[in-house]
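Just upload.tsv here, TSV, C-alpha atoms and all ligand atoms:
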chain	number	residue	atom	x	y	z
A	1	MET	CA	-7.36	-11.19	-29.45
A	2	SER	CA	-5.87	-7.88	-30.51
A	3	MET	CA	-5.36	-5.21	-27.86
A	4	LYS	CA	-8.20	-3.19	-29.40
A	5	GLU	CA	-10.59	-6.18	-29.13
A	6	THR	CA	-9.62	-6.86	-25.52
A	7	ILE	CA	-10.24	-3.24	-24.54
A	8	GLU	CA	-13.62	-3.11	-26.32
A	9	LYS	CA	-14.69	-6.39	-24.73
A	10	GLY	CA	-13.48	-5.23	-21.35
A	11	GLN	CA	-15.57	-2.07	-21.69
A	12	ASN	CA	-18.62	-4.17	-22.57
A	13	GLU	CA	-18.20	-6.97	-20.06
A	14	TYR	CA	-17.02	-5.18	-16.91
A	15	LEU	CA	-19.03	-3.07	-14.52
A	16	LYS	CA	-17.78	0.48	-14.95
A	17	THR	CA	-15.79	0.71	-11.74
A	18	TYR	CA	-12.42	1.63	-13.26
A	19	GLY	CA	-11.27	4.48	-15.47
A	20	SER	CA	-8.63	2.23	-17.02
A	21	PHE	CA	-6.11	3.45	-19.58
A	22	PRO	CA	-6.68	1.87	-23.02
A	23	ILE	CA	-3.83	-0.63	-22.66
A	24	SER	CA	-4.04	-4.37	-22.15
A	25	ILE	CA	-1.00	-6.05	-20.60
A	26	LYS	CA	-0.05	-9.51	-21.76
A	27	SER	CA	3.26	-10.43	-20.14
A	28	GLY	CA	6.04	-9.25	-17.88
A	29	ASN	CA	9.69	-9.77	-17.13
A	30	GLY	CA	11.84	-8.07	-14.49
A	31	CYS	CA	10.65	-4.46	-14.25
A	32	TYR	CA	9.10	-4.48	-17.73
A	33	LEU	CA	5.59	-5.23	-18.98
A	34	THR	CA	4.49	-5.86	-22.56
A	35	ASP	CA	1.07	-4.96	-23.94
A	36	GLU	CA	-0.94	-7.05	-26.38
A	37	ASP	CA	0.43	-5.06	-29.33
A	38	GLY	CA	3.99	-5.82	-28.27
A	39	LYS	CA	4.87	-2.39	-26.83
A	40	GLU	CA	7.19	-2.57	-23.81
A	41	TYR	CA	6.85	-0.42	-20.68
A	42	LEU	CA	9.20	0.17	-17.81
A	43	ASP	CA	7.11	-0.19	-14.66
A	44	PHE	CA	7.27	2.41	-11.87
A	45	LEU	CA	3.88	1.35	-10.49
A	46	ALA	CA	4.35	-2.36	-9.66
A	47	GLY	CA	0.62	-3.13	-9.76
A	48	ILE	CA	0.14	-0.33	-7.16
A	49	ALA	CA	2.99	-1.32	-4.84
A	50	VAL	CA	2.18	-5.03	-5.19
A	51	ASN	CA	4.78	-6.60	-7.48
A	52	ALA	CA	7.75	-6.14	-5.15
A	53	LEU	CA	9.77	-8.76	-7.03
A	54	GLY	CA	8.78	-7.44	-10.45
A	55	TYR	CA	7.60	-9.96	-13.02
A	56	ASN	CA	8.64	-13.51	-13.87
A	57	ASN	CA	10.79	-13.71	-10.73
A	58	GLU	CA	12.53	-17.07	-10.68
A	59	ASP	CA	12.17	-17.74	-6.95
A	60	LEU	CA	8.52	-16.74	-6.86
A	61	ASN	CA	7.72	-18.80	-9.95
A	62	ARG	CA	9.47	-21.85	-8.53
A	63	ALA	CA	7.71	-21.61	-5.14
A	64	LEU	CA	4.30	-21.26	-6.79
A	65	LYS	CA	4.94	-24.13	-9.22
A	66	ASN	CA	6.15	-26.34	-6.36
A	67	GLN	CA	3.05	-25.52	-4.35
A	68	ILE	CA	0.81	-26.39	-7.29
A	69	ASP	CA	2.71	-29.64	-7.82
A	70	SER	CA	2.22	-30.60	-4.15
A	71	GLY	CA	-1.47	-30.92	-4.98
A	72	MET	CA	-2.58	-28.56	-2.22
A	73	LEU	CA	-3.83	-25.06	-2.99
A	74	HIS	CA	-6.52	-24.73	-0.35
A	75	VAL	CA	-7.67	-26.80	2.62
A	76	SER	CA	-9.90	-24.43	4.71
A	77	ASN	CA	-9.21	-23.19	8.20
A	78	LEU	CA	-10.77	-26.29	9.72
A	79	PHE	CA	-7.22	-27.62	9.41
A	80	TYR	CA	-3.69	-26.30	9.71
A	81	ASN	CA	-1.32	-26.16	6.76
A	82	PRO	CA	2.47	-25.90	7.12
A	83	VAL	CA	2.88	-23.23	4.41
A	84	ALA	CA	0.65	-20.70	6.17
A	85	VAL	CA	2.03	-21.53	9.62
A	86	SER	CA	5.52	-20.87	8.30
A	87	ALA	CA	4.45	-17.50	6.81
A	88	ALA	CA	2.84	-16.50	10.13
A	89	GLU	CA	6.00	-17.42	12.03
A	90	LYS	CA	8.12	-15.29	9.67
A	91	LEU	CA	5.75	-12.30	9.88
A	92	ASN	CA	5.77	-12.42	13.68
A	93	LYS	CA	9.54	-12.64	13.73
A	94	LEU	CA	10.06	-9.79	11.24
A	95	ALA	CA	7.49	-7.46	12.84
A	96	GLY	CA	8.00	-8.45	16.48
A	97	SER	CA	4.28	-9.22	16.64
A	98	SER	CA	2.66	-12.09	18.54
A	99	LYS	CA	-0.16	-13.46	16.34
A	100	VAL	CA	-1.32	-13.32	12.74
A	101	PHE	CA	-4.71	-13.58	11.02
A	102	PHE	CA	-4.57	-14.19	7.26
A	103	CYS	CA	-7.15	-12.80	4.87
A	104	ASN	CA	-7.19	-11.83	1.19
A	105	SER	CA	-6.84	-8.06	0.82
A	106	GLY	CA	-5.99	-4.83	2.55
A	107	SER	CA	-9.64	-3.94	3.10
A	108	GLU	CA	-10.26	-7.27	4.76
A	109	ALA	CA	-7.25	-6.84	7.02
A	110	ASN	CA	-8.67	-3.47	8.11
A	111	GLU	CA	-12.11	-5.03	8.70
A	112	ALA	CA	-10.46	-7.60	10.97
A	113	ALA	CA	-8.63	-4.80	12.79
A	114	ILE	CA	-11.87	-2.85	13.40
A	115	LYS	CA	-13.64	-5.94	14.68
A	116	LEU	CA	-10.80	-6.83	17.02
A	117	ALA	CA	-10.51	-3.25	18.31
A	118	ARG	CA	-14.25	-3.05	18.97
A	119	LYS	CA	-14.33	-6.42	20.69
A	120	TYR	CA	-11.57	-5.14	22.98
A	121	GLY	CA	-13.28	-1.78	23.50
A	122	ASN	CA	-16.87	-2.92	23.94
A	123	LYS	CA	-15.98	-4.71	27.19
A	124	LYS	CA	-15.02	-1.27	28.53
A	125	GLY	CA	-17.90	0.65	26.97
A	126	LYS	CA	-15.72	2.04	24.15
A	127	ASN	CA	-16.45	1.70	20.43
A	128	LYS	CA	-15.39	4.95	18.71
A	129	ILE	CA	-12.55	4.90	16.20
A	130	ILE	CA	-10.44	7.87	15.13
A	131	SER	CA	-9.14	7.92	11.57
A	132	PHE	CA	-7.64	10.76	9.46
A	133	TYR	CA	-8.58	13.06	6.63
A	134	HIS	CA	-6.90	12.11	3.33
A	135	SER	CA	-6.41	8.55	4.52
A	136	PHE	CA	-7.17	5.50	2.43
A	137	HIS	CA	-8.10	2.15	3.97
A	138	GLY	CA	-10.01	0.28	1.23
A	139	ARG	CA	-13.45	-0.09	-0.32
A	140	THR	CA	-15.53	-2.34	1.92
A	141	TYR	CA	-18.03	-0.52	4.17
A	142	GLY	CA	-15.80	-0.54	7.22
A	143	SER	CA	-12.76	0.50	5.26
A	144	ILE	CA	-14.43	3.25	3.20
A	145	THR	CA	-15.81	4.64	6.43
A	146	LEU	CA	-12.27	4.69	7.83
A	147	THR	CA	-11.17	6.41	4.61
A	148	GLY	CA	-11.33	10.14	5.39
A	149	GLN	CA	-12.14	11.29	1.85
A	150	GLU	CA	-15.65	12.22	0.83
A	151	LYS	CA	-15.24	11.14	-2.79
A	152	TYR	CA	-15.07	7.47	-1.77
A	153	GLN	CA	-18.16	7.64	0.44
A	154	GLN	CA	-20.47	9.87	-1.56
A	155	GLY	CA	-23.61	8.07	-2.74
A	156	PHE	CA	-23.00	5.00	-0.59
A	157	GLU	CA	-24.33	6.29	2.72
A	158	PRO	CA	-24.99	5.38	5.45
A	159	MET	CA	-21.45	4.67	6.56
A	160	LEU	CA	-20.42	2.57	9.57
A	161	PRO	CA	-21.28	4.49	12.76
A	162	GLY	CA	-18.74	5.54	15.36
A	163	ILE	CA	-15.86	6.67	13.14
A	164	VAL	CA	-14.49	10.24	13.29
A	165	TYR	CA	-11.60	12.01	11.52
A	166	ALA	CA	-8.69	14.07	12.75
A	167	ASN	CA	-6.14	16.06	10.74
A	168	PHE	CA	-3.01	14.14	9.79
A	169	ASN	CA	0.18	15.36	11.49
A	170	ASP	CA	-1.90	17.45	13.92
A	171	LEU	CA	-1.79	15.95	17.39
A	172	GLU	CA	-4.07	18.60	18.84
A	173	SER	CA	-6.87	17.66	16.47
A	174	VAL	CA	-6.51	14.04	17.69
A	175	GLU	CA	-6.64	15.12	21.32
A	176	LYS	CA	-9.84	17.08	20.65
A	177	LEU	CA	-11.57	13.93	19.39
A	178	ILE	CA	-10.45	11.62	22.20
A	179	SER	CA	-13.21	10.65	24.62
A	180	ASP	CA	-13.90	7.89	27.16
A	181	GLU	CA	-15.52	6.03	24.28
A	182	THR	CA	-12.47	5.99	21.98
A	183	CYS	CA	-11.33	2.40	21.41
A	184	ALA	CA	-8.89	2.76	18.52
A	185	ILE	CA	-6.89	5.09	16.30
A	186	ILE	CA	-6.01	3.93	12.78
A	187	VAL	CA	-3.29	5.66	10.77
A	188	GLU	CA	-1.06	5.10	7.74
A	189	PRO	CA	2.56	5.93	8.66
A	190	ILE	CA	2.74	7.43	5.17
A	191	GLN	CA	-0.57	8.36	3.58
A	192	GLY	CA	-0.38	6.63	0.20
A	193	GLU	CA	-3.46	7.18	-1.95
A	194	GLY	CA	-4.03	10.50	-0.16
A	195	GLY	CA	-0.88	11.95	-1.76
A	196	LEU	CA	2.31	10.36	-0.36
A	197	ILE	CA	2.31	12.29	2.90
A	198	PRO	CA	4.75	10.97	5.53
A	199	ALA	CA	3.75	11.21	9.18
A	200	GLU	CA	6.05	13.27	11.37
A	201	LYS	CA	7.88	11.18	13.93
A	202	SER	CA	6.67	13.37	16.80
A	203	PHE	CA	3.10	12.90	15.57
A	204	LEU	CA	3.25	9.09	15.65
A	205	LYS	CA	5.06	9.17	19.00
A	206	GLY	CA	2.38	11.52	20.33
A	207	ILE	CA	-0.42	9.22	19.16
A	208	ARG	CA	1.38	6.24	20.73
A	209	LYS	CA	1.51	8.09	24.05
A	210	ILE	CA	-2.19	9.01	23.95
A	211	CYS	CA	-3.05	5.37	23.21
A	212	ASP	CA	-0.89	4.14	26.10
A	213	ASP	CA	-2.35	6.68	28.54
A	214	LYS	CA	-5.99	6.01	27.59
A	215	ASP	CA	-5.91	2.26	26.84
A	216	ILE	CA	-6.65	2.87	23.15
A	217	ILE	CA	-5.61	0.42	20.44
A	218	LEU	CA	-3.20	1.89	17.89
A	219	ILE	CA	-3.62	0.42	14.41
A	220	PHE	CA	-1.08	1.06	11.64
A	221	ASP	CA	-2.37	0.46	8.13
A	222	GLU	CA	0.81	-0.72	6.43
A	223	VAL	CA	-0.97	-2.21	3.43
A	224	GLN	CA	1.09	0.03	1.12
A	225	THR	CA	4.08	0.99	3.31
A	226	GLY	CA	4.92	-2.54	4.52
A	227	ILE	CA	6.92	-5.47	3.12
A	228	GLY	CA	10.14	-3.60	2.37
A	229	ARG	CA	8.63	-0.58	0.62
A	230	SER	CA	9.98	1.89	3.22
A	231	GLY	CA	13.46	0.39	3.31
A	232	ASN	CA	12.55	-1.48	6.51
A	233	VAL	CA	10.35	-4.57	6.60
A	234	PHE	CA	7.60	-2.36	8.04
A	235	CYS	CA	7.46	1.40	8.09
A	236	PHE	CA	6.84	1.54	11.86
A	237	GLN	CA	10.42	0.29	12.25
A	238	HIS	CA	11.57	3.35	10.32
A	239	TYR	CA	9.75	5.54	12.88
A	240	GLY	CA	10.53	3.47	15.95
A	241	VAL	CA	6.86	3.55	17.00
A	242	GLN	CA	5.17	0.18	17.46
A	243	PRO	CA	1.42	-0.24	16.91
A	244	ASP	CA	-0.88	-2.71	18.70
A	245	LEU	CA	-2.31	-3.95	15.41
A	246	LEU	CA	-0.83	-3.77	11.92
A	247	THR	CA	-2.51	-4.50	8.62
A	248	SER	CA	-0.60	-5.78	5.60
A	249	ALA	CA	-1.50	-6.81	2.04
A	250	LYS	CA	-0.40	-5.48	-1.39
A	251	ALA	CA	3.25	-6.69	-1.71
A	252	LEU	CA	2.81	-9.51	0.80
A	253	GLY	CA	1.87	-11.95	-1.99
A	254	CYS	CA	3.90	-10.23	-4.74
A	255	GLY	CA	0.82	-10.46	-6.99
A	256	VAL	CA	-1.05	-13.37	-5.40
A	257	PRO	CA	-3.94	-11.98	-3.31
A	258	ILE	CA	-3.29	-12.06	0.43
A	259	GLY	CA	-3.77	-9.82	3.44
A	260	ALA	CA	-2.81	-10.13	7.09
A	261	LEU	CA	-3.64	-8.64	10.45
A	262	LEU	CA	-0.69	-8.71	12.85
A	263	SER	CA	-1.42	-8.43	16.53
A	264	PHE	CA	1.17	-7.29	19.03
A	265	GLU	CA	1.19	-8.33	22.70
A	266	LYS	CA	-1.69	-6.14	23.94
A	267	CYS	CA	-4.29	-7.58	21.53
A	268	LYS	CA	-3.14	-11.13	21.04
A	269	ASP	CA	-5.91	-12.83	23.01
A	270	VAL	CA	-8.91	-10.67	22.05
A	271	PHE	CA	-10.32	-12.98	19.39
A	272	SER	CA	-11.74	-16.38	20.38
A	273	PRO	CA	-12.70	-19.24	18.04
A	274	GLY	CA	-15.73	-18.21	15.99
A	275	ASP	CA	-15.14	-14.46	16.29
A	276	HIS	CA	-13.71	-13.92	12.84
A	277	ALA	CA	-13.00	-16.00	9.74
A	278	THR	CA	-12.52	-16.06	6.01
A	279	THR	CA	-12.72	-19.05	3.69
A	280	PHE	CA	-9.52	-18.36	1.76
A	281	GLY	CA	-7.40	-16.85	4.54
A	282	GLY	CA	-4.06	-18.65	4.84
A	283	ASN	CA	-4.56	-20.31	1.48
A	284	ALA	CA	-1.48	-22.43	0.70
A	285	LEU	CA	-0.82	-20.84	-2.71
A	286	SER	CA	-0.93	-17.26	-1.42
A	287	THR	CA	1.13	-18.05	1.68
A	288	ALA	CA	3.68	-19.87	-0.51
A	289	ALA	CA	4.09	-16.55	-2.35
A	290	ALA	CA	4.34	-14.67	0.96
A	291	ASN	CA	7.08	-17.03	2.15
A	292	VAL	CA	9.24	-16.04	-0.83
A	293	ILE	CA	9.25	-12.30	-0.09
A	294	LEU	CA	9.43	-12.85	3.70
A	295	ASP	CA	12.53	-15.06	3.24
A	296	LYS	CA	14.12	-12.35	1.12
A	297	LEU	CA	13.31	-9.67	3.69
A	298	GLU	CA	14.77	-11.79	6.45
A	299	GLU	CA	17.95	-12.50	4.48
A	300	GLY	CA	18.57	-8.76	4.20
A	301	SER	CA	20.08	-8.08	0.77
A	302	LEU	CA	16.71	-7.01	-0.71
A	303	LEU	CA	16.39	-4.31	1.98
A	304	ASN	CA	19.98	-3.22	1.38
A	305	HIS	CA	19.16	-2.91	-2.30
A	306	VAL	CA	16.00	-0.86	-1.57
A	307	ASN	CA	17.99	1.56	0.59
A	308	GLU	CA	20.73	1.89	-2.00
A	309	VAL	CA	18.43	2.62	-4.95
A	310	SER	CA	16.18	4.76	-2.73
A	311	ALA	CA	19.03	7.20	-2.13
A	312	TYR	CA	19.64	7.33	-5.87
A	313	LEU	CA	15.94	7.83	-6.70
A	314	LYS	CA	15.73	10.65	-4.16
A	315	GLU	CA	18.79	12.40	-5.67
A	316	GLU	CA	17.37	12.11	-9.17
A	317	LEU	CA	13.96	13.43	-8.09
A	318	ILE	CA	15.56	16.41	-6.36
A	319	LYS	CA	17.55	17.14	-9.55
A	320	LEU	CA	14.28	16.97	-11.47
A	321	LYS	CA	12.69	19.46	-9.06
A	322	ASP	CA	15.65	21.82	-9.49
A	323	GLU	CA	15.27	21.57	-13.25
A	324	PHE	CA	11.48	22.17	-13.25
A	325	PRO	CA	10.87	24.43	-10.21
A	326	LYS	CA	7.56	25.70	-11.58
A	327	LEU	CA	6.20	22.22	-12.32
A	328	ILE	CA	7.47	20.41	-9.20
A	329	THR	CA	6.94	21.98	-5.77
A	330	ASP	CA	7.92	19.10	-3.47
A	331	VAL	CA	9.75	15.75	-3.38
A	332	ARG	CA	8.86	13.45	-0.49
A	333	GLY	CA	8.84	9.83	0.62
A	334	VAL	CA	11.05	7.06	1.94
A	335	GLY	CA	12.45	3.84	0.52
A	336	LEU	CA	10.86	3.15	-2.84
A	337	MET	CA	7.73	5.15	-2.12
A	338	TYR	CA	8.17	8.68	-3.44
A	339	GLY	CA	5.90	11.45	-4.61
A	340	LEU	CA	6.42	14.55	-6.72
A	341	GLU	CA	4.00	17.36	-5.91
A	342	LEU	CA	3.04	18.89	-9.26
A	343	THR	CA	1.45	22.15	-10.34
A	344	VAL	CA	-0.12	20.44	-13.39
A	345	ALA	CA	-2.68	17.60	-13.43
A	346	PRO	CA	-0.77	14.36	-12.64
A	347	ARG	CA	-3.06	12.41	-14.96
A	348	ASP	CA	-1.72	14.34	-18.00
A	349	VAL	CA	1.85	13.61	-16.93
A	350	VAL	CA	0.94	9.95	-16.37
A	351	GLN	CA	-0.54	9.78	-19.88
A	352	GLY	CA	2.60	11.35	-21.34
A	353	CYS	CA	4.79	8.85	-19.51
A	354	ILE	CA	2.68	5.92	-20.72
A	355	ASP	CA	2.96	7.19	-24.31
A	356	ASN	CA	6.74	7.23	-23.83
A	357	GLY	CA	6.88	3.70	-22.35
A	358	LEU	CA	6.74	4.28	-18.60
A	359	LEU	CA	3.91	3.03	-16.38
A	360	ILE	CA	3.43	5.36	-13.42
A	361	ALA	CA	0.41	6.63	-11.44
A	362	SER	CA	-0.84	9.58	-9.48
A	363	ALA	CA	-1.76	9.80	-5.80
A	364	GLY	CA	-4.34	12.30	-4.55
A	365	TYR	CA	-5.05	15.18	-6.92
A	366	THR	CA	-1.57	16.66	-7.28
A	367	VAL	CA	1.06	13.97	-6.83
A	368	LEU	CA	3.00	11.78	-9.25
A	369	ARG	CA	3.71	8.53	-7.42
A	370	PHE	CA	6.85	6.40	-7.70
A	371	VAL	CA	6.37	2.87	-6.31
A	372	PRO	CA	8.51	0.66	-8.58
A	373	PRO	CA	9.28	-3.01	-7.93
A	374	LEU	CA	11.74	-3.32	-5.03
A	375	VAL	CA	14.17	-5.09	-7.37
A	376	ILE	CA	14.49	-2.09	-9.70
A	377	SER	CA	18.08	-1.21	-10.73
A	378	LYS	CA	19.75	2.20	-10.78
A	379	SER	CA	19.92	2.13	-14.59
A	380	GLU	CA	16.18	1.43	-14.77
A	381	ILE	CA	15.56	4.37	-12.44
A	382	THR	CA	17.73	6.55	-14.70
A	383	LYS	CA	15.74	5.41	-17.72
A	384	GLY	CA	12.37	6.11	-16.07
A	385	ILE	CA	13.47	9.54	-14.81
A	386	GLU	CA	14.59	10.40	-18.37
A	387	ILE	CA	11.05	9.65	-19.58
A	388	VAL	CA	9.49	11.81	-16.86
A	389	LYS	CA	11.94	14.57	-17.83
A	390	THR	CA	10.94	14.28	-21.50
A	391	VAL	CA	7.26	14.63	-20.57
A	392	LEU	CA	7.85	17.59	-18.21
A	393	THR	CA	9.93	19.29	-20.93
A	394	GLN	CA	6.97	18.96	-23.29
A	395	PHE	CA	4.77	20.59	-20.63
A	396	SER	CA	7.12	23.54	-20.18
A	397	LYS	CA	7.29	24.03	-23.95
A	398	LYS	CA	3.49	24.02	-24.26
A	399	SER	CA	3.09	26.53	-21.40
A	400	PRO	CA	6.30	28.61	-21.25
A	401	SER	CA	5.16	30.13	-17.94
A	402	LEU	CA	5.75	26.67	-16.42
B	1	LIG	C1	-4.52	-0.38	-1.18
B	1	LIG	C2	-4.74	-0.02	0.23
B	1	LIG	C3	-5.80	-0.59	0.98
B	1	LIG	C4	-6.83	-1.49	0.36
B	1	LIG	O1	-6.31	-2.70	-0.04
B	1	LIG	P1	-7.19	-3.66	-0.97
B	1	LIG	O2	-6.32	-4.89	-1.11
B	1	LIG	O3	-7.42	-2.94	-2.25
B	1	LIG	O4	-8.45	-3.95	-0.26
B	1	LIG	C5	-5.88	-0.26	2.32
B	1	LIG	N1	-5.01	0.57	2.89
B	1	LIG	C6	-4.00	1.14	2.22
B	1	LIG	C7	-3.06	2.05	2.93
B	1	LIG	C8	-3.83	0.88	0.86
B	1	LIG	O5	-2.86	1.48	0.18

Go ahead and express the file in the form of structure tokens.
Ligand SMILES: *Cc1c(COP(=O)(O)O)cnc(C)c1O
Amino acid sequence: MSMKETIEKGQNEYLKTYGSFPISIKSGNGCYLTDEDGKEYLDFLAGIAVNALGYNNEDLNRALKNQIDSGMLHVSNLFYNPVAVSAAEKLNKLAGSSKVFFCNSGSEANEAAIKLARKYGNKKGKNKIISFYHSFHGRTYGSITLTGQEKYQQGFEPMLPGIVYANFNDLESVEKLISDETCAIIVEPIQGEGGLIPAEKSFLKGIRKICDDKDIILIFDEVQTGIGRSGNVFCFQHYGVQPDLLTSAKALGCGVPIGALLSFEKCKDVFSPGDHATTFGGNALSTAAANVILDKLEEGSLLNHVNEVSAYLKEELIKLKDEFPKLITDVRGVGLMYGLELTVAPRDVVQGCIDNGLLIASAGYTVLRFVPPLVISKSEITKGIEIVKTVLTQFSKKSPSL
């Protein structure tokens, strides 16, 4: 098929859930993707913070091929399999958690977290959950209800009952919502889809204290911030604030679908057999992929690399802000998760970057998001920043006031 044919067919055959760009990707290598017409793109998006090891990674390919050759992809949770058990052991070790539940996506991990928190709370007459405005937790009913943004909920009412929203980085607004019925608080340490907004340390510490004082379960949604993205294995380690439950997905399978709910000490015995399940959870192929990235995180050099290139990315973004003070009003983030707050529509900048061979995305309504593969090199960062600079220069020429 030509790229044009693929796009036309895609438009005809798919439900219209995505406003996709008219590009069809055929192959990848390292931090580069190639479309069906042969055009190459440097990738600063990584499948939305998924492809931590980039594309065609030798170790990932070998592990997946070996798993396929073993003859076992899936066995059901009526049995154990050593691949998933090993991944669970590594997750618990890296996070300091006690128990793991495997599922297939970030939304599912959050569903599991809500169920566990309510099972814990219901015994004490508590079922209310506090989430935050501008958060993003996924698209299933539980997770869109947790998502404090009207645009995701509109037209799909009624939402799940018992969920209320506080203002992010505003401890007082959390305190106002706390009642004897509050069973859990769910928060992203850095709001991702909502616009790359890092939590303040005092805010997360304050929430932790409230949860300790009132026997409330603290859930960190680390679907986007986890698995090395922040420069630590998990972002809570960057803050030094430990949750009671943590949800992971996105980069955990480096492109193979997988999610996980990690339970720390307080919640480790809440679920009993029969309480929760998923057919594919702990699938041997997806946990084989997880083992590859978890081994690399444990070994340490991948995290060292993230921290090294993170410092460089930050410097370059600050230089960019100094060069375009009317177009860029803020640079923020940690690790390899950065945002540029723009005064022009990010989608136009994204389109310009794509035209110039750089895949990048927006976050929220005003932010250009940088979430490249964790293996990206300094020279690739330089190259991508040059493309962003080219596009911003075009903007300032078109509107000299910018
Ligand atoms: C992407 C994301 C989700 C949803 O994950 P899916 O795998 O798409 O269900 C949940 N929470 C956060 C913070 C995310 O970034």

Checklist entry - What does the distance from CA of Pro189 in chain A to CA of Leu204 in chain A come to in Å, to one decimal? => result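 Going from CA of Pro189 in chain A over to CA of Leu204 in chain A, I get 7.7 Å.
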
Item to check | Nearby residues, ligand LIG 1 (chain B), 7 Å, only C-alpha atoms and all ligand atoms, as a list in words | outcome: Ser105, Gly106, Ser107, Glu108, Phe136, His137, Gly138, Arg139, Glu188, Gln191, Gly192, Glu193, Asp221, Glu222, Val223, Gln224, Ala249 and Lys250 of chain A

Item to check | Contacts of Lys39 in chain A at 12 Å (all atoms listed in the file; same-chain gap of 3+ positions) as an NGL selection string | outcome: :A and (3 or 23-28 or 32-36 or 42 or 354-359)

Could I get the residues of range 99-188 of chain A with an atom no further than 12 Å from an atom of range 54-78 of chain A, each paired with its nearest atom pair and that distance in Å to one decimal, using only C-alpha atoms, sorted by chain and residue number, as CSV?
residue,atom,partner,partner_atom,distance
A:Phe101,CA,A:Asn77,CA,11.0
A:Phe102,CA,A:Asn77,CA,10.2
A:Cys103,CA,A:Asn77,CA,11.1

Could you give me, as CSV, every range 109-132 of chain A residue with an atom at most 9 Å from range 156-168 of chain A, plus its closest atom pair and distance in Å to one decimal, counting all atoms listed in the file, rows ordered by chain then number?
residue,atom,partner,partner_atom,distance
A:Asn127,CA,A:Gly162,CA,6.8
A:Lys128,CA,A:Gly162,CA,4.8
A:Ile129,CA,A:Ile163,CA,4.8
A:Ile130,CA,A:Val164,CA,5.0
A:Ser131,CA,A:Tyr165,CA,4.8
A:Phe132,CA,A:Tyr165,CA,4.6

Quick one: write out the picked residues with C-alpha atoms as a PDB file, keeping the file's coordinate frame?
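Final output, saved to selection-v8.pdb:
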ATOM      1  CA  ASN A 127     -16.450   1.700  20.430  1.00  0.00           C
ATOM      2  CA  LYS A 128     -15.390   4.950  18.710  1.00  0.00           C
ATOM      3  CA  ILE A 129     -12.550   4.900  16.200  1.00  0.00           C
ATOM      4  CA  ILE A 130     -10.440   7.870  15.130  1.00  0.00           C
ATOM      5  CA  SER A 131      -9.140   7.920  11.570  1.00  0.00           C
ATOM      6  CA  PHE A 132      -7.640  10.760   9.460  1.00  0.00           C
TER       7      PHE A 132
END

Checklist entry - Pick from A:Pro372, A:Pro257, A:Gly240, A:Gly364: nearest to Met337 in chain A, with only C-alpha atoms counted? => result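 Ranked by minimum distance to Met337 in chain A, first place goes to A:Pro372.
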
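Straight-line separation from CA of Ile144 in chain A to CA of Gly335 in chain A: 27.0 Å.
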